[in-house]
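Shown here: protein11.cif, mmCIF, C-alpha atoms.
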data_final
loop_
_atom_site.group_PDB
_atom_site.id
_atom_site.type_symbol
_atom_site.label_atom_id
_atom_site.label_comp_id
_atom_site.auth_asym_id
_atom_site.auth_seq_id
_atom_site.Cartn_x
_atom_site.Cartn_y
_atom_site.Cartn_z
ATOM 1 C CA MET S 1372 0.000 0.000 0.000
ATOM 2 C CA ALA S 1373 1.409 3.372 -1.048
ATOM 3 C CA LYS S 1374 2.178 5.646 1.896
ATOM 4 C CA GLY S 1375 3.747 8.658 0.207
ATOM 5 C CA ARG S 1376 7.289 8.091 1.477
ATOM 6 C CA VAL S 1377 9.975 9.636 -0.776
ATOM 7 C CA LEU S 1378 13.698 9.193 -0.181
ATOM 8 C CA ILE S 1379 15.576 12.045 -1.886
ATOM 9 C CA ILE S 1380 19.257 11.622 -2.711
ATOM 10 C CA ALA S 1381 20.670 14.990 -3.743
ATOM 11 C CA GLY S 1382 22.802 17.993 -2.868
ATOM 12 C CA SER S 1383 21.925 20.860 -0.547
ATOM 13 C CA ASP S 1384 21.260 24.377 -1.884
ATOM 14 C CA SER S 1385 22.054 27.027 0.725
ATOM 15 C CA GLY S 1386 19.773 29.471 -1.122
ATOM 16 C CA GLY S 1387 16.811 27.156 -0.657
ATOM 17 C CA GLY S 1388 15.649 27.256 -4.263
ATOM 18 C CA ALA S 1389 16.879 23.945 -5.634
ATOM 19 C CA GLY S 1390 18.369 20.672 -4.428
ATOM 20 C CA ILE S 1391 17.343 19.031 -1.174
ATOM 21 C CA GLN S 1392 15.560 22.161 0.050
ATOM 22 C CA ALA S 1393 13.325 22.369 -3.038
ATOM 23 C CA ASP S 1394 12.805 18.606 -2.947
ATOM 24 C CA ILE S 1395 11.584 18.609 0.647
ATOM 25 C CA LYS S 1396 9.261 21.543 -0.007
ATOM 26 C CA ALA S 1397 7.797 19.961 -3.138
ATOM 27 C CA VAL S 1398 7.222 16.547 -1.566
ATOM 28 C CA THR S 1399 5.695 18.080 1.553
ATOM 29 C CA MET S 1400 3.411 20.489 -0.303
ATOM 30 C CA THR S 1401 2.132 17.720 -2.573
ATOM 31 C CA GLY S 1402 1.188 15.508 0.355
ATOM 32 C CA GLY S 1403 4.168 13.178 0.611
ATOM 33 C CA TYR S 1404 6.712 12.460 3.346
ATOM 34 C CA ALA S 1405 10.274 13.534 2.503
ATOM 35 C CA MET S 1406 13.447 11.803 3.691
ATOM 36 C CA THR S 1407 16.966 12.636 2.564
ATOM 37 C CA ALA S 1408 20.445 11.363 1.850
ATOM 38 C CA ILE S 1409 22.557 14.449 1.182
ATOM 39 C CA THR S 1410 25.349 14.026 -1.378
ATOM 40 C CA ALA S 1411 26.981 17.464 -1.227
ATOM 41 C CA ILE S 1412 26.779 20.861 0.420
ATOM 42 C CA THR S 1413 26.832 23.730 -2.053
ATOM 43 C CA VAL S 1414 27.652 27.376 -1.447
ATOM 44 C CA GLN S 1415 24.836 28.764 -3.544
ATOM 45 C CA ASN S 1416 22.315 31.556 -4.013
ATOM 46 C CA THR S 1417 20.190 32.830 -6.896
ATOM 47 C CA LEU S 1418 23.305 34.160 -8.634
ATOM 48 C CA GLY S 1419 25.069 30.815 -8.872
ATOM 49 C CA VAL S 1420 27.070 28.044 -7.242
ATOM 50 C CA PHE S 1421 30.259 29.296 -5.631
ATOM 51 C CA ASP S 1422 31.615 26.078 -4.119
ATOM 52 C CA VAL S 1423 30.706 22.402 -3.717
ATOM 53 C CA HIS S 1424 31.699 20.153 -0.818
ATOM 54 C CA PRO S 1425 30.951 16.446 -1.421
ATOM 55 C CA ILE S 1426 29.754 14.389 1.541
ATOM 56 C CA PRO S 1427 31.900 11.309 2.338
ATOM 57 C CA ILE S 1428 30.568 8.352 0.360
ATOM 58 C CA LYS S 1429 30.065 6.127 3.412
ATOM 59 C CA THR S 1430 27.967 8.873 5.017
ATOM 60 C CA ILE S 1431 25.812 9.045 1.879
ATOM 61 C CA THR S 1432 25.225 5.312 1.719
ATOM 62 C CA ASP S 1433 24.693 5.050 5.475
ATOM 63 C CA GLN S 1434 21.952 7.690 5.217
ATOM 64 C CA ILE S 1435 20.241 5.558 2.561
ATOM 65 C CA LYS S 1436 20.588 2.358 4.575
ATOM 66 C CA VAL S 1437 19.311 3.585 7.920
ATOM 67 C CA VAL S 1438 16.330 5.419 6.437
ATOM 68 C CA LEU S 1439 15.252 2.420 4.373
ATOM 69 C CA ASP S 1440 15.856 -0.027 7.232
ATOM 70 C CA ASP S 1441 13.622 1.956 9.567
ATOM 71 C CA ILE S 1442 11.047 3.966 7.599
ATOM 72 C CA GLY S 1443 11.176 2.502 4.107
ATOM 73 C CA ALA S 1444 10.215 4.335 0.921
ATOM 74 C CA ASP S 1445 7.586 4.159 -1.793
ATOM 75 C CA THR S 1446 9.784 5.999 -4.303
ATOM 76 C CA ILE S 1447 13.396 7.144 -4.433
ATOM 77 C CA LYS S 1448 14.359 10.358 -6.235
ATOM 78 C CA THR S 1449 17.926 11.279 -7.159
ATOM 79 C CA GLY S 1450 19.193 14.750 -8.000
ATOM 80 C CA MET S 1451 22.734 16.124 -7.839
ATOM 81 C CA LEU S 1452 25.206 13.248 -7.512
ATOM 82 C CA GLY S 1453 28.419 14.958 -8.572
ATOM 83 C CA THR S 1454 31.054 12.261 -9.039
ATOM 84 C CA VAL S 1455 31.369 8.842 -10.615
ATOM 85 C CA GLU S 1456 32.255 7.378 -7.210
ATOM 86 C CA ILE S 1457 28.993 8.663 -5.716
ATOM 87 C CA VAL S 1458 26.989 7.362 -8.678
ATOM 88 C CA GLU S 1459 28.551 3.919 -8.298
ATOM 89 C CA ALA S 1460 28.026 3.847 -4.526
ATOM 90 C CA ILE S 1461 24.373 4.844 -4.849
ATOM 91 C CA ALA S 1462 23.767 2.188 -7.511
ATOM 92 C CA LYS S 1463 25.223 -0.418 -5.155
ATOM 93 C CA SER S 1464 23.001 0.870 -2.332
ATOM 94 C CA PHE S 1465 19.990 0.484 -4.603
ATOM 95 C CA ALA S 1466 20.934 -3.111 -5.338
ATOM 96 C CA ASP S 1467 21.600 -3.874 -1.665
ATOM 97 C CA TYR S 1468 18.761 -2.017 0.066
ATOM 98 C CA ALA S 1469 16.124 -1.016 -2.487
ATOM 99 C CA PRO S 1470 16.028 -3.357 -5.474
ATOM 100 C CA THR S 1471 12.261 -3.075 -5.989
ATOM 101 C CA ILE S 1472 11.540 0.542 -4.982
ATOM 102 C CA PRO S 1473 10.804 2.724 -8.060
ATOM 103 C CA LYS S 1474 13.606 5.176 -8.809
ATOM 104 C CA ILE S 1475 12.965 8.601 -10.344
ATOM 105 C CA ILE S 1476 16.304 9.752 -11.739
ATOM 106 C CA ASP S 1477 16.731 13.480 -12.368
ATOM 107 C CA PRO S 1478 20.116 13.587 -14.138
ATOM 108 C CA VAL S 1479 21.224 16.954 -12.752
ATOM 109 C CA MET S 1480 24.256 18.116 -14.719
ATOM 110 C CA ILE S 1481 24.436 21.925 -14.745
ATOM 111 C CA ALA S 1482 23.098 24.552 -12.335
ATOM 112 C CA LYS S 1483 21.051 27.510 -13.620
ATOM 113 C CA GLY S 1484 24.118 29.739 -13.423
ATOM 114 C CA GLY S 1485 26.207 27.336 -15.497
ATOM 115 C CA HIS S 1486 28.194 25.535 -12.755
ATOM 116 C CA SER S 1487 28.740 21.836 -13.503
ATOM 117 C CA LEU S 1488 27.084 19.552 -10.956
ATOM 118 C CA LEU S 1489 28.079 16.231 -12.540
ATOM 119 C CA GLU S 1490 31.571 15.248 -13.667
ATOM 120 C CA ASN S 1491 31.808 14.450 -17.367
ATOM 121 C CA ARG S 1492 33.090 10.976 -16.610
ATOM 122 C CA ALA S 1493 30.121 10.408 -14.290
ATOM 123 C CA ILE S 1494 27.687 10.814 -17.198
ATOM 124 C CA ASP S 1495 28.692 7.386 -18.516
ATOM 125 C CA ALA S 1496 28.113 5.888 -15.067
ATOM 126 C CA VAL S 1497 24.632 7.408 -14.927
ATOM 127 C CA LYS S 1498 23.901 5.970 -18.375
ATOM 128 C CA SER S 1499 25.217 2.501 -17.595
ATOM 129 C CA ILE S 1500 24.104 1.858 -13.999
ATOM 130 C CA LEU S 1501 21.319 4.296 -13.058
ATOM 131 C CA VAL S 1502 19.287 4.683 -16.252
ATOM 132 C CA PRO S 1503 18.673 0.916 -16.635
ATOM 133 C CA ASN S 1504 17.070 0.821 -13.170
ATOM 134 C CA ALA S 1505 14.973 3.971 -13.565
ATOM 135 C CA ALA S 1506 11.207 3.875 -13.269
ATOM 136 C CA LEU S 1507 11.364 7.398 -14.722
ATOM 137 C CA LEU S 1508 14.163 9.611 -16.037
ATOM 138 C CA THR S 1509 13.486 13.382 -16.132
ATOM 139 C CA PRO S 1510 16.137 15.101 -18.319
ATOM 140 C CA ASN S 1511 15.805 18.588 -19.739
ATOM 141 C CA ALA S 1512 16.810 19.038 -23.383
ATOM 142 C CA PRO S 1513 20.565 19.600 -22.776
ATOM 143 C CA GLU S 1514 20.700 16.645 -20.368
ATOM 144 C CA ALA S 1515 18.866 14.399 -22.834
ATOM 145 C CA GLN S 1516 21.328 15.472 -25.512
ATOM 146 C CA ALA S 1517 24.319 14.729 -23.258
ATOM 147 C CA LEU S 1518 22.950 11.287 -22.397
ATOM 148 C CA THR S 1519 22.096 10.247 -25.952
ATOM 149 C CA GLY S 1520 24.154 12.290 -28.397
ATOM 150 C CA VAL S 1521 20.911 13.287 -30.119
ATOM 151 C CA THR S 1522 20.387 16.977 -30.899
ATOM 152 C CA VAL S 1523 17.357 18.033 -28.847
ATOM 153 C CA GLU S 1524 16.053 21.287 -30.308
ATOM 154 C CA THR S 1525 12.624 20.168 -31.556
ATOM 155 C CA ILE S 1526 9.868 17.766 -30.576
ATOM 156 C CA ASP S 1527 11.335 15.297 -33.068
ATOM 157 C CA GLY S 1528 14.648 15.541 -31.234
ATOM 158 C CA GLN S 1529 12.863 14.935 -27.933
ATOM 159 C CA ARG S 1530 11.232 11.824 -29.392
ATOM 160 C CA ARG S 1531 14.500 10.442 -30.747
ATOM 161 C CA ALA S 1532 16.283 11.083 -27.443
ATOM 162 C CA ALA S 1533 13.443 9.432 -25.543
ATOM 163 C CA GLU S 1534 13.667 6.373 -27.779
ATOM 164 C CA LYS S 1535 17.397 6.035 -27.055
ATOM 165 C CA ILE S 1536 16.894 6.420 -23.303
ATOM 166 C CA LEU S 1537 14.213 3.753 -23.297
ATOM 167 C CA LYS S 1538 16.595 1.449 -25.147
ATOM 168 C CA MET S 1539 19.126 2.054 -22.351
ATOM 169 C CA GLY S 1540 16.644 0.376 -20.000
ATOM 170 C CA ALA S 1541 14.582 3.145 -18.412
ATOM 171 C CA LYS S 1542 10.910 2.188 -18.063
ATOM 172 C CA ALA S 1543 9.793 5.763 -18.797
ATOM 173 C CA VAL S 1544 11.337 9.118 -19.645
ATOM 174 C CA LEU S 1545 10.079 12.685 -19.441
ATOM 175 C CA VAL S 1546 12.110 14.776 -21.901
ATOM 176 C CA LYS S 1547 11.387 18.353 -20.843
ATOM 177 C CA GLY S 1548 11.191 21.072 -23.457
ATOM 178 C CA GLY S 1549 11.635 24.205 -21.368
ATOM 179 C CA HIS S 1550 15.153 24.818 -22.721
ATOM 180 C CA ILE S 1551 13.934 24.726 -26.342
ATOM 181 C CA GLU S 1552 13.237 28.200 -27.688
ATOM 182 C CA GLY S 1553 9.710 29.387 -28.368
ATOM 183 C CA ALA S 1554 6.671 30.977 -26.755
ATOM 184 C CA THR S 1555 5.319 27.496 -26.130
ATOM 185 C CA PHE S 1556 7.056 24.237 -25.326
ATOM 186 C CA THR S 1557 6.259 20.574 -24.901
ATOM 187 C CA ASP S 1558 7.268 17.972 -22.336
ATOM 188 C CA LEU S 1559 7.277 14.455 -23.783
ATOM 189 C CA LEU S 1560 6.473 11.481 -21.557
ATOM 190 C CA ALA S 1561 7.461 8.260 -23.294
ATOM 191 C CA THR S 1562 7.281 4.600 -22.368
ATOM 192 C CA GLU S 1563 7.797 1.462 -24.403
ATOM 193 C CA TYR S 1564 4.080 1.508 -25.154
ATOM 194 C CA ASP S 1565 3.065 5.118 -25.805
ATOM 195 C CA GLU S 1566 3.868 8.817 -25.893
ATOM 196 C CA THR S 1567 2.074 11.631 -24.073
ATOM 197 C CA PHE S 1568 2.640 15.277 -24.984
ATOM 198 C CA PHE S 1569 2.171 17.991 -22.365
ATOM 199 C CA ASP S 1570 2.033 21.456 -23.945
ATOM 200 C CA ALA S 1571 2.564 24.724 -22.087
ATOM 201 C CA VAL S 1572 2.833 28.451 -22.661
ATOM 202 C CA ARG S 1573 6.143 29.798 -21.419
ATOM 203 C CA ILE S 1574 5.928 32.058 -18.351
ATOM 204 C CA ASN S 1575 7.994 35.248 -18.691
ATOM 205 C CA THR S 1576 9.951 35.221 -15.426
ATOM 206 C CA ASN S 1577 13.441 34.851 -13.956
ATOM 207 C CA SER S 1578 12.051 32.805 -11.066
ATOM 208 C CA THR S 1579 12.864 29.374 -12.425
ATOM 209 C CA HIS S 1580 15.655 28.223 -10.106
ATOM 210 C CA GLY S 1581 15.004 24.654 -8.988
ATOM 211 C CA THR S 1582 12.258 23.939 -11.516
ATOM 212 C CA GLY S 1583 13.703 20.557 -12.488
ATOM 213 C CA CYS S 1584 14.291 19.449 -8.897
ATOM 214 C CA THR S 1585 10.798 20.547 -7.926
ATOM 215 C CA LEU S 1586 9.092 18.788 -10.831
ATOM 216 C CA ALA S 1587 10.897 15.476 -10.310
ATOM 217 C CA SER S 1588 10.182 15.556 -6.577
ATOM 218 C CA ALA S 1589 6.504 16.367 -7.074
ATOM 219 C CA ILE S 1590 6.211 13.481 -9.540
ATOM 220 C CA SER S 1591 7.962 11.206 -7.028
ATOM 221 C CA SER S 1592 5.550 12.330 -4.316
ATOM 222 C CA TYR S 1593 2.453 11.660 -6.373
ATOM 223 C CA LEU S 1594 3.781 8.269 -7.492
ATOM 224 C CA ALA S 1595 4.575 7.421 -3.870
ATOM 225 C CA GLN S 1596 0.962 8.161 -3.002
ATOM 226 C CA GLY S 1597 -0.284 5.681 -5.581
ATOM 227 C CA GLN S 1598 -1.036 7.825 -8.620
ATOM 228 C CA GLY S 1599 -0.399 6.455 -12.102
ATOM 229 C CA LEU S 1600 2.499 7.840 -14.110
ATOM 230 C CA LYS S 1601 0.528 10.130 -16.449
ATOM 231 C CA ASP S 1602 -1.555 11.563 -13.616
ATOM 232 C CA ALA S 1603 1.542 12.074 -11.464
ATOM 233 C CA VAL S 1604 3.305 13.977 -14.248
ATOM 234 C CA ALA S 1605 0.234 16.075 -15.080
ATOM 235 C CA ASN S 1606 -0.420 16.985 -11.439
ATOM 236 C CA ALA S 1607 3.262 17.723 -10.776
ATOM 237 C CA ARG S 1608 3.423 20.028 -13.793
ATOM 238 C CA GLU S 1609 0.357 21.910 -12.562
ATOM 239 C CA TYR S 1610 1.959 22.298 -9.128
ATOM 240 C CA VAL S 1611 5.206 23.596 -10.649
ATOM 241 C CA PHE S 1612 3.542 26.060 -13.030
ATOM 242 C CA LYS S 1613 1.576 27.621 -10.192
ATOM 243 C CA ALA S 1614 4.759 27.767 -8.107
ATOM 244 C CA ILE S 1615 6.440 29.676 -10.950
ATOM 245 C CA GLU S 1616 3.463 31.975 -11.551
ATOM 246 C CA THR S 1617 3.287 32.975 -7.874
ATOM 247 C CA ALA S 1618 7.049 33.249 -7.246
ATOM 248 C CA LYS S 1619 8.024 36.076 -4.891
ATOM 249 C CA GLY S 1620 10.956 37.404 -6.905
ATOM 250 C CA PHE S 1621 13.561 36.707 -4.217
ATOM 251 C CA GLY S 1622 17.237 37.303 -4.974
ATOM 252 C CA HIS S 1623 19.102 39.103 -7.729
ATOM 253 C CA GLY S 1624 19.488 36.210 -10.165
ATOM 254 C CA HIS S 1625 17.379 33.191 -11.035
ATOM 255 C CA GLY S 1626 14.817 33.343 -8.234
ATOM 256 C CA PRO S 1627 13.215 30.384 -6.451
ATOM 257 C CA LEU S 1628 9.693 29.100 -6.971
ATOM 258 C CA ASN S 1629 6.865 29.650 -4.516
ATOM 259 C CA HIS S 1630 6.678 26.068 -3.276
ATOM 260 C CA ASN S 1631 3.948 26.711 -0.718
ATOM 261 C CA TRP S 1632 1.494 28.489 -3.021
ATOM 262 C CA ASN S 1633 -1.175 25.905 -2.200
ATOM 263 C CA LEU S 1634 -1.304 27.049 1.427
ATOM 264 C CA HIS S 1635 -2.906 30.271 0.213
ATOM 265 C CA VAL S 1636 -5.630 29.076 -2.150
#

Give the structure from this file in structure tokens form.
Amino acid sequence: MAKGRVLIIAGSDSGGGAGIQADIKAVTMTGGYAMTAITAITVQNTLGVFDVHPIPIKTITDQIKVVLDDIGADTIKTGMLGTVEIVEAIAKSFADYAPTIPKIIDPVMIAKGGHSLLENRAIDAVKSILVPNAALLTPNAPEAQALTGVTVETIDGQRRAAEKILKMGAKAVLVKGGHIEGATFTDLLATEYDETFFDAVRINTNSTHGTGCTLASAISSYLAQGQGLKDAVANAREYVFKAIETAKGFGHGHGPLNHNWNLHV
């Protein structure tokens, strides 16, 4: 029976807009229960990432083990992993402690300000040992391109990238179109069996920091509560769009979303 428990494995954002902080807010505000295994501490605000301090690998894997041993999880969501060693350790933890729990893999590679959050050599590890175990992969267009080598600048590119990711072993993939130019964009949800297109009108705002983290965590929360994949994606997108629309404009760069908008409706 689904209980809404989401284990989030990701880095901390001191500015509160992305990473673990955004993940906890999104899971909580969509009705789930958030637990964490922190992979790194970043020195970060809306203007960018100024430093990254990885957490010792044993501390990361011990966080995963003790949480799953005691509380358990209905879904696991990964975000910023950073290094190939962390990717490999987390994959082993999945095999040891969570072989059947659905994994939502958000392949975080670059922060909004341009700082790399995943080593180039770790991309191959993500492709070879995390993607094949993913219940859902949630790349934006540049991430999908980096994972597949396919140019992702159109819906056709999204479809071709999705096809390659599914062939890598992921059960489903959401190739997000927000980085593709245009007044409108499309997110493509693909499985082995079908494709679903989610269209949207672009919101003119700088308050988009943490959008990817927030969306993947909201999807994870809804899945953990027993929703089907299409409903979870649709409801998570609605949550995120309202969080963008009602953002407070904090900071001097890419501002955070308004994660708790639904407390005021």

Query raised in the report: Neighbours of range 1466-1473 of chain S within 12 Å (only C-alpha atoms; same-chain residues fewer than 4 positions away dropped), as a PyMOL selection string?
Result: chain S and resi 1373+1376-1378+1432-1441+1443-1449+1459-1462+1500-1508+1541-1543+1590-1592+1594-1595+1597+1600

Report task. For range 1525-1540 of chain S, work out the shell of residues within 7 Å, counting all atoms listed in the file and skipping chain neighbours fewer than 5 positions away, then give it as a list in words. Result -> Val1502, Pro1503, Asn1504, Ala1515, Gln1516, Thr1519, Val1546, Leu1559, Ala1561 and Glu1563 of chain S

Report task. May I ask for the distance between CA of Ala1571 in chain S and CA of Lys1613 in chain S, given in Å to one decimal place? Result -> 12.3 Å

With 4 Å added on each side, what axis-aligned box encloses every listed atom of range 1500-1514 of chain S? Give the centre and edge lengths in Å to one decimal, as lines of an AutoDock Vina configuration file.
center_x = 17.7
center_y = 10.2
center_z = -18.2
size_x = 20.9
size_y = 26.8
size_z = 18.3

Query raised in the report: How many Å separate CA of Gly1626 in chain S from CA of Leu1586 in chain S?
Result: 15.9 Å

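Candidate residues S:Thr1567, S:Thr1454, S:Thr1417, S:Asn1606 were compared for distance to His1623 in chain S, and the nearest is S:Thr1417, using only C-alpha atoms.
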
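For the atom pair formed by CA of Phe1569 in chain S and CA of Lys1619 in chain S, the distance is 25.8 Å, given to one decimal.
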
Requested in this report: Considering all atoms listed in the file, return as a ChimeraX atom specification whatever protein or nucleic-acid residues lie within 6 Å of Ala1512 in chain S, sequence-local ones (same chain, fewer than 2 positions apart) excluded.
Outcome: /S:1514-1515,1523,1548

Report task. Rank nothing, just name the residue among S:Glu1456, S:Tyr1593, S:Glu1552, S:Glu1616 nearest to Lys1429 in chain S, using only C-alpha atoms. Result -> S:Glu1456

Requested in this report: Excluding Thr1576 in chain S and residues on its chain fewer than 3 positions from it, collect all residues at most 9 Å away from it, counting all atoms listed in the file, and give them as a PyMOL selection string.
Outcome: chain S and resi 1573+1579+1615-1616+1618+1620+1625-1626

**Report entry** Given the PyMOL selection byres ((chain S and resi 1382) around 8), the residues it picks as a ChimeraX atom specification
**Finding:** /S:1380-1381,1383-1384,1390-1391,1409-1413,1450-1452

Query raised in the report: Which residues come within 9 Å of Ile1494 in chain S, counting all atoms listed in the file, excluding same-chain residues fewer than 2 positions away, as a ChimeraX atom specification?
Result: /S:1454-1455,1478,1480,1489-1492,1496-1499,1517-1518

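Using only C-alpha atoms, the nearest neighbour of His1580 in chain S within the list S:Asn1511, S:Phe1421, S:Val1414, S:Ala1389 is S:Ala1389.
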
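For the residues S:Ile1442, S:Ile1457, S:Ala1605, S:Ala1587, ranking by smallest atom-to-atom distance to Ile1428 in chain S using all atoms listed in the file places S:Ile1457 first.
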
Requested in this report: Dump as a VMD selection string all residues having an atom at most 10 Å from (8.8, 16.4, -8.3), computed in the file's coordinates with only C-alpha atoms.
Outcome: chain S and resid 1393 to 1398 1401 1448 1475 1477 1509 1582 to 1594 1603 to 1604 1606 to 1608 1610 to 1611
